[in-house]
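Asker: There's a structure below that I have some questions on.
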Amino acid sequence: MVAYAAHNDILECLGAHFRKEALPAPTDNWTKAHDQLQWQFEQVRRAEAGE
């Protein structure tokens, strides 16, 4: 599922680049994945710091 979404987003970005258009905005899926990853990094940092 992730690979399929990444593939589609990459194709949209490449198409926009070749058409000399602005890159599309990140999709909600990527924004949510980024936020989740940042949250996980923060949890690891807190655990390692003993918080």
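Every chain in the structure tokens has a letter given in the order shown (A, B, ...), and although residue numbers restart at 1 in each chain, ligands are simply numbered from 1 in the order shown.
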DSSP says helix (DSSP H, G or I) for which residues of chain A? Put them as number ranges by chain?
Answerer: A: 2-18, 28-49
Asker: Output N, CA and C atoms for every residue in that selection, as a CSV table (one decimal), in the first residue's frame.
Answerer:
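File written: out_32.csv
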chain,number,residue,atom,x,y,z
A,2,VAL,N,1.9,1.3,0.9
A,2,VAL,CA,2.8,2.4,0.9
A,2,VAL,C,3.5,2.6,-0.4
A,3,ALA,N,4.0,1.5,-0.9
A,3,ALA,CA,4.8,1.6,-2.2
A,3,ALA,C,3.9,2.1,-3.3
A,4,TYR,N,2.6,1.7,-3.3
A,4,TYR,CA,1.7,2.1,-4.4
A,4,TYR,C,1.4,3.6,-4.2
A,5,ALA,N,1.2,4.1,-3.0
A,5,ALA,CA,1.0,5.5,-2.8
A,5,ALA,C,2.2,6.3,-3.2
A,6,ALA,N,3.4,5.8,-2.8
A,6,ALA,CA,4.6,6.5,-3.1
A,6,ALA,C,4.8,6.6,-4.6
A,7,HIS,N,4.6,5.5,-5.3
A,7,HIS,CA,4.7,5.4,-6.8
A,7,HIS,C,3.8,6.5,-7.4
A,8,ASN,N,2.5,6.6,-7.0
A,8,ASN,CA,1.6,7.5,-7.6
A,8,ASN,C,2.1,9.0,-7.3
A,9,ASP,N,2.5,9.2,-6.1
A,9,ASP,CA,2.9,10.6,-5.8
A,9,ASP,C,4.2,11.0,-6.6
A,10,ILE,N,5.1,10.0,-6.7
A,10,ILE,CA,6.3,10.3,-7.5
A,10,ILE,C,6.0,10.6,-8.9
A,11,LEU,N,5.1,9.8,-9.5
A,11,LEU,CA,4.7,10.1,-10.9
A,11,LEU,C,4.1,11.5,-11.0
A,12,GLU,N,3.2,11.9,-10.1
A,12,GLU,CA,2.6,13.2,-10.1
A,12,GLU,C,3.7,14.3,-10.0
A,13,CYS,N,4.7,14.1,-9.2
A,13,CYS,CA,5.8,15.1,-9.0
A,13,CYS,C,6.6,15.2,-10.3
A,14,LEU,N,7.0,14.0,-10.8
A,14,LEU,CA,7.8,14.0,-12.1
A,14,LEU,C,7.0,14.7,-13.2
A,15,GLY,N,5.7,14.4,-13.3
A,15,GLY,CA,4.9,15.0,-14.4
A,15,GLY,C,4.9,16.5,-14.2
A,16,ALA,N,4.7,17.0,-13.0
A,16,ALA,CA,4.7,18.4,-12.8
A,16,ALA,C,6.0,19.0,-13.1
A,17,HIS,N,7.1,18.4,-12.8
A,17,HIS,CA,8.4,18.9,-13.0
A,17,HIS,C,8.7,19.0,-14.6
A,18,PHE,N,8.3,17.9,-15.3
A,18,PHE,CA,8.5,18.0,-16.7
A,18,PHE,C,7.6,19.0,-17.4
A,28,ASP,N,-2.7,14.0,2.1
A,28,ASP,CA,-3.0,13.8,3.5
A,28,ASP,C,-2.3,12.5,4.0
A,29,ASN,N,-2.2,11.5,3.2
A,29,ASN,CA,-1.5,10.3,3.7
A,29,ASN,C,-0.1,10.5,4.1
A,30,TRP,N,0.6,11.3,3.3
A,30,TRP,CA,2.0,11.6,3.6
A,30,TRP,C,2.2,12.5,4.8
A,31,THR,N,1.3,13.5,4.9
A,31,THR,CA,1.3,14.4,6.0
A,31,THR,C,1.1,13.6,7.3
A,32,LYS,N,0.1,12.7,7.3
A,32,LYS,CA,-0.2,11.9,8.5
A,32,LYS,C,1.0,11.0,8.8
A,33,ALA,N,1.6,10.4,7.8
A,33,ALA,CA,2.7,9.5,8.0
A,33,ALA,C,3.9,10.3,8.6
A,34,HIS,N,4.1,11.5,8.1
A,34,HIS,CA,5.2,12.3,8.7
A,34,HIS,C,4.9,12.6,10.1
A,35,ASP,N,3.7,13.1,10.4
A,35,ASP,CA,3.4,13.4,11.8
A,35,ASP,C,3.5,12.2,12.7
A,36,GLN,N,3.1,11.0,12.2
A,36,GLN,CA,3.2,9.8,13.0
A,36,GLN,C,4.7,9.5,13.3
A,37,LEU,N,5.5,9.6,12.3
A,37,LEU,CA,6.9,9.3,12.4
A,37,LEU,C,7.6,10.3,13.4
A,38,GLN,N,7.2,11.6,13.4
A,38,GLN,CA,7.8,12.6,14.3
A,38,GLN,C,7.3,12.2,15.7
A,39,TRP,N,6.1,11.8,15.9
A,39,TRP,CA,5.6,11.4,17.2
A,39,TRP,C,6.4,10.2,17.7
A,40,GLN,N,6.6,9.2,16.9
A,40,GLN,CA,7.4,8.1,17.3
A,40,GLN,C,8.8,8.5,17.7
A,41,PHE,N,9.5,9.3,16.9
A,41,PHE,CA,10.8,9.8,17.3
A,41,PHE,C,10.8,10.5,18.6
A,42,GLU,N,9.8,11.3,18.9
A,42,GLU,CA,9.7,12.0,20.2
A,42,GLU,C,9.5,11.0,21.3
A,43,GLN,N,8.7,9.9,21.1
A,43,GLN,CA,8.5,8.9,22.2
A,43,GLN,C,9.8,8.2,22.5
A,44,VAL,N,10.6,7.9,21.4
A,44,VAL,CA,11.9,7.2,21.6
A,44,VAL,C,12.8,8.2,22.4
A,45,ARG,N,12.9,9.4,22.0
A,45,ARG,CA,13.7,10.4,22.6
A,45,ARG,C,13.4,10.5,24.1
A,46,ARG,N,12.1,10.6,24.4
A,46,ARG,CA,11.7,10.7,25.8
A,46,ARG,C,12.0,9.4,26.6
A,47,ALA,N,11.9,8.3,26.0
A,47,ALA,CA,12.2,7.0,26.7
A,47,ALA,C,13.7,6.9,27.0
A,48,GLU,N,14.5,7.3,26.0
A,48,GLU,CA,16.0,7.3,26.2
A,48,GLU,C,16.4,8.3,27.2
A,49,ALA,N,15.7,9.4,27.3
A,49,ALA,CA,16.0,10.5,28.3
A,49,ALA,C,15.5,10.2,29.7
